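One file, input.txt, carrying compact mmCIF, C-alpha atoms:
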```
# COMPACT_ATOMS: atom_id res chain seq x y z
CA MET A 1 -24.56 7.78 3.40
CA THR A 2 -20.99 6.97 2.48
CA GLU A 3 -20.02 3.42 3.43
CA THR A 4 -17.70 3.16 6.42
CA ALA A 5 -14.33 1.62 5.60
CA ALA A 6 -13.53 -1.88 6.80
CA PRO A 7 -11.02 -2.08 9.67
CA ALA A 8 -7.52 -1.56 8.28
CA ALA A 9 -6.12 -4.33 10.47
CA ALA A 10 -7.95 -6.88 8.30
CA VAL A 11 -5.83 -5.99 5.25
CA ALA A 12 -3.04 -8.50 4.59
CA SER A 13 0.59 -7.47 4.10
CA ASN A 14 3.38 -9.09 2.10
CA ALA A 15 6.17 -7.12 3.79
CA ALA A 16 8.15 -10.24 4.70
CA ALA A 17 8.59 -11.05 1.01
CA PHE A 18 10.67 -7.92 0.39
CA GLU A 19 14.42 -8.57 0.52
CA VAL A 20 16.22 -5.69 2.23
CA ARG A 21 19.47 -4.53 0.69
CA PRO A 22 20.72 -1.82 3.08
CA HIS A 23 22.28 1.39 1.87
CA GLU A 24 26.06 1.27 2.39
CA ALA A 25 26.26 5.04 2.86
CA PRO A 26 22.95 6.41 4.23
CA LEU A 27 22.65 10.11 4.92
CA PRO A 28 24.59 10.95 8.12
CA ILE A 29 22.37 11.36 11.17
CA ALA A 30 23.23 15.06 11.55
CA GLU A 31 22.20 15.76 7.95
CA ARG A 32 19.02 13.73 8.32
CA ASN A 33 18.10 15.63 11.47
CA ALA A 34 18.77 18.91 9.68
CA ALA A 35 16.45 17.83 6.87
CA LEU A 36 13.73 16.87 9.36
CA ALA A 37 14.09 20.26 11.04
CA ASP A 38 13.51 22.13 7.76
CA LEU A 39 10.64 20.26 6.12
CA LYS A 40 9.48 21.20 2.65
CA PHE A 41 7.13 19.26 0.44
CA GLY A 42 8.66 16.63 -1.82
CA THR A 43 12.27 17.82 -1.92
CA GLN A 44 14.06 15.43 0.46
CA PHE A 45 13.88 11.64 0.18
CA THR A 46 14.67 8.77 2.51
CA ASP A 47 17.65 6.45 2.15
CA HIS A 48 15.77 3.55 0.52
CA MET A 49 13.01 2.69 -1.92
CA ALA A 50 10.93 -0.44 -2.53
CA ARG A 51 10.81 -2.15 -5.92
CA MET A 52 9.01 -4.92 -7.79
CA GLN A 53 8.77 -5.93 -11.42
CA TRP A 54 5.98 -7.49 -13.46
CA VAL A 55 6.72 -9.54 -16.56
CA ASP A 56 3.92 -10.70 -18.82
CA GLY A 57 3.38 -14.40 -18.23
CA ASP A 58 5.31 -14.46 -14.94
CA GLY A 59 3.46 -11.88 -12.83
CA TRP A 60 4.96 -9.81 -10.01
CA GLY A 61 8.36 -10.68 -8.58
CA ASP A 62 11.78 -9.41 -7.48
CA ARG A 63 10.39 -7.75 -4.33
CA ARG A 64 13.12 -5.76 -2.62
CA VAL A 65 14.03 -2.66 -0.61
CA VAL A 66 17.14 -1.04 -2.06
CA PRO A 67 19.14 2.18 -1.68
CA TYR A 68 17.41 5.24 -3.09
CA GLY A 69 19.10 6.33 -6.29
CA PRO A 70 18.82 7.02 -10.02
CA LEU A 71 17.05 4.56 -12.28
CA GLN A 72 18.71 2.93 -15.26
CA LEU A 73 16.16 3.22 -18.04
CA ASP A 74 16.42 2.31 -21.70
CA PRO A 75 15.85 5.32 -24.01
CA ALA A 76 13.11 3.29 -25.71
CA ALA A 77 11.26 2.55 -22.45
CA ALA A 78 7.58 2.74 -23.31
CA VAL A 79 6.72 5.16 -20.50
CA LEU A 80 8.91 7.84 -22.10
CA HIS A 81 6.97 7.65 -25.35
CA TYR A 82 3.42 6.64 -24.45
CA ALA A 83 3.07 7.78 -20.82
CA GLN A 84 1.82 4.43 -19.55
CA GLU A 85 2.16 5.05 -15.82
CA ILE A 86 0.16 5.68 -12.65
CA PHE A 87 0.88 6.73 -9.07
CA GLU A 88 -0.63 7.13 -5.63
CA GLY A 89 -0.05 9.38 -2.64
CA LEU A 90 -0.54 8.62 1.05
CA LYS A 91 1.10 9.43 4.36
CA ALA A 92 2.61 7.74 7.40
CA TYR A 93 1.95 9.60 10.65
CA ARG A 94 4.04 9.44 13.83
CA TRP A 95 1.84 9.54 16.91
CA GLU A 96 2.80 11.06 20.24
CA ASP A 97 3.80 7.65 21.62
CA GLY A 98 6.26 7.19 18.73
CA SER A 99 4.18 4.63 16.82
CA ILE A 100 3.65 5.04 13.05
CA HIS A 101 0.31 4.69 11.29
CA LEU A 102 -1.08 4.79 7.75
CA PHE A 103 -4.41 6.38 6.82
CA ARG A 104 -6.70 4.11 4.77
CA PRO A 105 -3.95 2.33 2.79
CA GLN A 106 -6.37 -0.26 1.41
CA ALA A 107 -8.36 2.53 -0.26
CA ASN A 108 -5.18 3.75 -1.93
CA ALA A 109 -4.33 0.23 -3.05
CA GLU A 110 -7.78 -0.22 -4.56
CA ARG A 111 -7.65 3.13 -6.37
CA PHE A 112 -4.16 2.24 -7.62
CA ASN A 113 -5.66 -0.81 -9.28
CA ARG A 114 -8.54 1.15 -10.79
CA SER A 115 -6.00 3.52 -12.30
CA ALA A 116 -3.92 0.56 -13.50
CA HIS A 117 -6.94 -0.90 -15.28
CA ARG A 118 -7.61 2.39 -17.11
CA LEU A 119 -3.96 2.63 -18.26
CA ALA A 120 -3.81 -1.05 -19.32
CA LEU A 121 -1.34 -1.85 -16.52
CA PRO A 122 -1.36 -5.06 -14.44
CA PRO A 123 -3.20 -5.05 -11.11
CA LEU A 124 -0.98 -5.07 -8.04
CA PRO A 125 -2.12 -7.29 -5.14
CA VAL A 126 -3.24 -5.18 -2.19
CA GLU A 127 -0.95 -7.17 0.11
CA ASP A 128 2.04 -6.21 -2.07
CA PHE A 129 1.03 -2.54 -2.12
CA ILE A 130 0.76 -2.42 1.67
CA GLY A 131 3.72 -4.77 2.11
CA SER A 132 6.02 -2.49 0.13
CA ILE A 133 5.08 0.41 2.42
CA GLU A 134 5.58 -1.56 5.61
CA ALA A 135 8.91 -2.94 4.39
CA LEU A 136 10.21 0.50 3.41
CA VAL A 137 9.05 2.26 6.57
CA ALA A 138 10.61 -0.49 8.71
CA VAL A 139 13.99 0.33 7.16
CA ASP A 140 13.61 4.13 7.04
CA GLU A 141 11.66 4.58 10.31
CA PRO A 142 13.99 7.37 11.58
CA TRP A 143 12.87 9.47 8.62
CA VAL A 144 9.27 9.69 9.86
CA PRO A 145 9.01 13.18 11.42
CA GLY A 146 7.13 13.84 14.62
CA THR A 147 6.58 17.60 14.56
CA GLU A 148 3.20 19.32 14.15
CA GLU A 149 1.61 18.98 10.68
CA SER A 150 4.44 16.69 9.55
CA SER A 151 4.34 13.20 8.04
CA LEU A 152 6.19 10.83 5.74
CA TYR A 153 4.70 11.26 2.28
CA LEU A 154 4.64 7.97 0.36
CA ARG A 155 4.66 7.83 -3.42
CA PRO A 156 3.94 4.39 -4.95
CA TYR A 157 4.03 4.30 -8.75
CA MET A 158 4.33 1.92 -11.67
CA PHE A 159 5.40 2.49 -15.25
CA ALA A 160 6.03 0.72 -18.55
CA SER A 161 9.76 -0.09 -18.59
CA GLU A 162 9.81 -2.40 -21.59
CA ALA A 163 12.04 -1.04 -24.37
CA PHE A 164 10.02 -0.86 -27.57
CA LEU A 165 8.39 1.62 -29.92
CA GLY A 166 4.84 0.62 -30.68
CA VAL A 167 1.42 1.52 -29.37
CA ARG A 168 0.43 -1.43 -27.19
CA PRO A 169 0.48 -2.20 -23.47
CA ALA A 170 4.00 -2.91 -22.25
CA ARG A 171 4.98 -6.43 -21.21
CA VAL A 172 7.45 -5.34 -18.53
CA ILE A 173 6.30 -3.03 -15.72
CA ASP A 174 8.31 -1.61 -12.82
CA TYR A 175 6.76 -0.68 -9.47
CA LEU A 176 8.58 1.66 -7.08
CA LEU A 177 7.83 3.27 -3.75
CA ILE A 178 9.72 6.34 -2.59
CA ALA A 179 9.19 8.39 0.57
CA SER A 180 9.67 12.02 1.54
CA PRO A 181 9.38 13.65 4.99
CA VAL A 182 7.08 16.64 4.62
CA GLY A 183 5.52 19.54 6.44
CA PRO A 184 2.41 21.50 5.31
CA TYR A 185 1.76 21.42 1.55
CA PHE A 186 1.33 25.19 1.35
CA PRO A 187 4.42 26.96 2.77
CA GLY A 188 2.30 29.61 4.50
CA GLY A 189 0.54 27.01 6.60
CA ILE A 190 -3.23 26.72 7.03
CA LYS A 191 -4.42 29.91 5.35
CA PRO A 192 -7.16 30.50 2.78
CA VAL A 193 -5.88 30.07 -0.77
CA SER A 194 -6.80 31.97 -3.93
CA ILE A 195 -8.28 30.00 -6.82
CA TRP A 196 -8.17 30.88 -10.52
CA VAL A 197 -10.82 29.47 -12.86
CA ALA A 198 -9.08 27.80 -15.83
CA GLN A 199 -9.63 29.64 -19.10
CA GLY A 200 -9.92 27.51 -22.24
CA PHE A 201 -8.28 24.48 -20.67
CA HIS A 202 -9.76 21.34 -19.15
CA ARG A 203 -8.23 18.68 -16.96
CA ALA A 204 -10.12 15.75 -18.50
CA GLY A 205 -13.10 14.86 -20.67
CA PRO A 206 -15.78 12.16 -20.67
CA GLY A 207 -14.27 8.76 -21.36
CA GLY A 208 -10.77 10.02 -20.64
CA THR A 209 -8.45 9.40 -17.72
CA GLY A 210 -9.90 11.95 -15.29
CA ASP A 211 -10.67 9.40 -12.58
CA ALA A 212 -7.26 7.70 -12.90
CA LYS A 213 -4.27 8.98 -11.00
CA CYS A 214 -1.81 9.28 -13.86
CA GLY A 215 0.84 11.82 -14.70
CA GLY A 216 -0.86 13.01 -17.89
CA ASN A 217 -3.73 14.52 -15.92
CA TYR A 218 -1.28 16.56 -13.86
CA ALA A 219 0.81 17.55 -16.87
CA ALA A 220 -2.37 18.95 -18.43
CA SER A 221 -2.86 21.16 -15.36
CA LEU A 222 0.57 22.78 -15.38
CA LEU A 223 -0.02 25.51 -17.97
CA PRO A 224 -3.31 26.61 -16.36
CA GLN A 225 -1.50 26.51 -13.01
CA GLN A 226 1.11 28.92 -14.41
CA GLN A 227 -1.70 31.21 -15.51
CA ALA A 228 -3.21 31.03 -12.04
CA ILE A 229 0.08 32.08 -10.45
CA ALA A 230 0.42 34.92 -12.96
CA ALA A 231 -3.05 36.09 -11.87
CA GLY A 232 -1.97 36.10 -8.22
CA CYS A 233 -3.63 32.80 -7.30
CA GLN A 234 -2.20 29.63 -5.79
CA GLN A 235 -4.40 26.98 -7.40
CA VAL A 236 -6.50 26.48 -10.53
CA LEU A 237 -10.11 25.28 -10.72
CA PHE A 238 -11.16 23.25 -13.75
CA LEU A 239 -14.63 23.24 -15.25
CA ASP A 240 -16.21 20.40 -17.20
CA ALA A 241 -14.99 19.89 -20.77
CA LYS A 242 -18.43 19.42 -22.32
CA GLU A 243 -20.16 22.67 -21.36
CA GLY A 244 -17.53 24.63 -19.44
CA ARG A 245 -20.05 25.46 -16.72
CA PHE A 246 -19.69 22.91 -13.96
CA LEU A 247 -17.07 22.70 -11.22
CA GLU A 248 -14.88 19.61 -11.39
CA GLU A 249 -11.74 19.80 -9.26
CA LEU A 250 -8.59 21.75 -8.60
CA GLY A 251 -5.25 20.71 -10.08
CA GLY A 252 -4.81 18.15 -7.32
CA MET A 253 -7.74 18.50 -4.90
CA ASN A 254 -11.49 17.98 -4.70
CA VAL A 255 -13.68 21.00 -3.94
CA PHE A 256 -16.63 21.59 -1.56
CA VAL A 257 -19.00 24.51 -0.98
CA VAL A 258 -20.81 25.18 2.31
CA ARG A 259 -24.23 26.83 2.12
CA ARG A 260 -25.41 29.31 4.72
CA ASP A 261 -28.00 26.78 5.92
CA GLY A 262 -25.23 24.27 6.64
CA THR A 263 -25.79 22.10 3.56
CA ILE A 264 -22.57 21.03 1.91
CA GLU A 265 -22.18 20.35 -1.82
CA THR A 266 -19.42 18.79 -3.89
CA PRO A 267 -19.21 17.86 -7.58
CA ARG A 268 -20.54 14.38 -8.26
CA LEU A 269 -18.19 11.72 -9.58
CA THR A 270 -18.67 11.58 -13.34
CA GLY A 271 -15.56 9.68 -14.44
CA THR A 272 -13.74 12.95 -15.08
CA ILE A 273 -12.98 13.63 -11.40
CA LEU A 274 -10.51 11.77 -9.21
CA GLU A 275 -12.31 9.86 -6.46
CA GLY A 276 -10.38 11.34 -3.56
CA ILE A 277 -9.84 9.27 -0.43
CA THR A 278 -9.78 12.44 1.67
CA ARG A 279 -12.97 13.47 -0.15
CA SER A 280 -14.83 10.30 0.84
CA SER A 281 -13.53 10.56 4.42
CA VAL A 282 -14.71 14.17 4.71
CA ILE A 283 -18.15 13.24 3.38
CA GLN A 284 -18.39 10.38 5.88
CA GLN A 285 -17.49 12.57 8.83
CA LEU A 286 -19.77 15.43 7.78
CA GLU A 287 -22.72 13.08 7.38
CA ASP A 288 -21.99 11.47 10.73
CA ASP A 289 -22.11 14.98 12.21
CA GLY A 290 -25.66 15.22 10.92
CA ARG A 291 -24.85 17.52 8.03
CA LYS A 292 -26.51 17.15 4.65
CA VAL A 293 -23.93 16.47 1.93
CA ILE A 294 -25.09 16.61 -1.69
CA GLU A 295 -23.02 15.30 -4.60
CA LYS A 296 -24.31 17.14 -7.66
CA ASP A 297 -23.47 19.21 -10.70
CA ILE A 298 -22.49 22.67 -9.45
CA THR A 299 -22.26 25.58 -11.87
CA LEU A 300 -19.64 28.28 -11.60
CA ASP A 301 -22.38 30.90 -11.90
CA GLU A 302 -24.24 29.60 -8.84
CA VAL A 303 -21.03 29.56 -6.81
CA ARG A 304 -20.15 33.10 -7.84
CA SER A 305 -23.64 34.44 -7.09
CA GLY A 306 -23.81 32.41 -3.88
CA VAL A 307 -20.54 33.86 -2.60
CA GLU A 308 -21.63 37.40 -3.56
CA SER A 309 -25.00 37.04 -1.84
CA GLY A 310 -23.64 35.23 1.20
CA ASP A 311 -25.67 32.09 0.48
CA ILE A 312 -22.36 30.25 0.12
CA ALA A 313 -20.56 30.78 3.40
CA GLU A 314 -17.41 28.72 2.82
CA VAL A 315 -15.47 26.96 0.09
CA PHE A 316 -12.77 24.41 0.79
CA ALA A 317 -10.60 21.90 -1.05
CA CYS A 318 -9.21 18.59 0.13
CA GLY A 319 -6.61 16.01 -0.82
CA THR A 320 -3.87 13.83 0.65
CA ALA A 321 -1.13 16.44 0.44
CA ALA A 322 -2.97 19.48 1.80
CA VAL A 323 -5.65 17.57 3.80
CA VAL A 324 -8.36 20.28 4.02
CA THR A 325 -7.61 23.79 2.78
CA PRO A 326 -9.90 26.85 3.03
CA VAL A 327 -10.54 28.87 -0.13
CA GLY A 328 -10.59 32.64 0.42
CA ARG A 329 -10.84 33.96 -3.12
CA LEU A 330 -12.26 32.84 -6.47
CA ALA A 331 -11.18 34.74 -9.56
CA SER A 332 -11.37 34.82 -13.36
CA PRO A 333 -11.13 37.54 -16.03
CA GLU A 334 -14.85 38.24 -15.46
CA PHE A 335 -14.99 38.36 -11.65
CA ASP A 336 -13.00 38.35 -8.44
CA VAL A 337 -14.92 37.42 -5.30
CA THR A 338 -13.84 36.97 -1.69
CA VAL A 339 -15.20 34.01 0.24
CA ASN A 340 -16.15 34.51 3.90
CA ASP A 341 -14.21 37.79 4.08
CA GLY A 342 -11.05 35.86 3.19
CA VAL A 343 -10.91 33.92 6.44
CA ALA A 344 -11.20 30.20 7.12
CA GLY A 345 -14.71 29.12 8.08
CA ASP A 346 -15.80 27.07 11.07
CA VAL A 347 -17.04 24.10 9.02
CA THR A 348 -13.79 23.94 7.05
CA MET A 349 -11.53 24.13 10.05
CA GLY A 350 -13.77 21.87 12.10
CA ILE A 351 -13.68 19.01 9.61
CA ARG A 352 -9.95 19.52 9.14
CA GLN A 353 -9.41 19.23 12.88
CA ARG A 354 -11.55 16.12 13.15
CA LEU A 355 -9.75 14.39 10.31
CA THR A 356 -6.22 15.27 11.44
CA ASP A 357 -7.04 14.32 15.03
CA ILE A 358 -7.71 10.78 13.79
CA GLN A 359 -4.65 10.74 11.54
CA TYR A 360 -2.31 11.86 14.34
CA GLY A 361 -3.91 9.70 17.03
CA ARG A 362 -5.37 12.58 19.03
CA ASP A 363 -8.90 11.19 18.73
CA GLU A 364 -10.43 7.72 18.65
CA ASP A 365 -10.52 6.10 15.22
CA THR A 366 -14.06 4.76 15.20
CA TYR A 367 -13.89 4.09 11.43
CA GLY A 368 -10.97 1.67 11.41
CA TRP A 369 -9.11 4.02 9.04
CA MET A 370 -5.69 3.90 10.70
CA ARG A 371 -3.24 1.01 10.34
CA ARG A 372 -0.30 0.74 12.72
CA ILE A 373 2.89 -0.28 10.90
CA ALA A 374 5.62 0.48 13.49
```
In structure tokens, write the structure found in this file.
Amino acid sequence: MTETAAPAAAVASNAAAFEVRPHEAPLPIAERNAALADLKFGTQFTDHMARMQWVDGDGWGDRRVVPYGPLQLDPAAAVLHYAQEIFEGLKAYRWEDGSIHLFRPQANAERFNRSAHRLALPPLPVEDFIGSIEALVAVDEPWVPGTEESSLYLRPYMFASEAFLGVRPARVIDYLLIASPVGPYFPGGIKPVSIWVAQGFHRAGPGGTGDAKCGGNYAASLLPQQQAIAAGCQQVLFLDAKEGRFLEELGGMNVFVVRRDGTIETPRLTGTILEGITRSSVIQQLEDDGRKVIEKDITLDEVRSGVESGDIAEVFACGTAAVVTPVGRLASPEFDVTVNDGVAGDVTMGIRQRLTDIQYGRDEDTYGWMRRIA
């Protein structure tokens, strides 16, 4: 059984330490309202961003909320040459009563630090991670949308800003937090997506950075993603690098299969798969519903044959951006199979509804996952 998260209210915040430097020319209200009425994913950003800097020997300092704008970066900044950076993704949800809530921010903060450790970056105190979010949202609260399936997507990240050429961990690190009002991740809404099995490419290997949320992992997925689109699919599925037989994850989502008997399976965490926060939440809720969830090695062959025979009734993917997304087709040069007649299954849509009902305040949060910030 997955361990239930501790109540979010117990997590400290350092929001008061962030000096606010208001934007002198924020986006006019009419233009902001127009942007909120035409939500796309990750194309429009709020008026401000939060910042901090770490200097070796001094630690974290210079906490501030400043106008959103271009960064001044030395051409020799280490991140541009050695890719020493990490990021996170989470959302702020506006409830029907107008209040604003985060979903499991402590889990994001803890994963951020696990990623930082793998990339030889300094740990960021959880209270600073959460404090930066609370400070930014307090300033840019009007940017949090309140329409169906909308949220304020939050992107915390840190990178090596020290100017030097040499392969060692940087001694100056910048942390930033930017925010973007978003609608559904897939423009077509909640519809089954088509998945292409990556051919000759792998997202990560044993001992690599697969379980860290760093840009290099996503850069490695872009060429296979192009191939998926060329094959008429929307997402790419990666197999393990050692044998090329076992399911790992999509370009940015974890994957689940639902057996006809109601058993649910998902690839086990091997160090090559990102430990998704949505993934762990889905497992918790499914188990609490009395369903058997098995984390195991899953071969592509057994999924293909299971879909063809009907033993696998549903396939779905999950992640912060898309929440829970049904998979309607699985394809490669060797096969092309339709899952559940190409329609979203009851288990998939049921768990999606349960999770989003908590996130949007439509159902009681018995897990202590939600944190009110405004």
Could you list, as a ChimeraX atom specification, every residue within 9 Å of Arg64 of chain A, counting only C-alpha atoms and ignoring same-chain residues fewer than 6 positions away? /A:17-21,49-52,132,135
Which one is closest to Gln44 of chain A: A:Trp60, A:Phe129, A:Trp143, A:Trp95? Count all atoms listed in the file.
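Going through A:Trp60, A:Phe129, A:Trp143, A:Trp95 one by one, the smallest distance to Gln44 of chain A is for A:Trp143.
Residue nearest Ala230 of chain A within the list A:Ser332, A:Ser99, A:Glu85, A:Ala77: A:Ser332 [criterion: smallest interatomic distance, all atoms listed in the file].
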Task: Selected residue, from A:Lys213, A:His202, A:His48, A:Lys40, that lies nearest to Asn113 of chain A when counting only C-alpha atoms - done: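 Closest to Asn113 of chain A, using only C-alpha atoms: A:Lys213.
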Practice task
Determine, counting only C-alpha atoms, which protein, DNA and RNA residues have an atom within 12 Å of an atom of segment 25-36 of chain A; residues of the same chain fewer than 6 positions away are not included. Present the result as a PyMOL selection string.
Solution key: chain A and resi 42-48+66-69+139-148+150-152+180-183
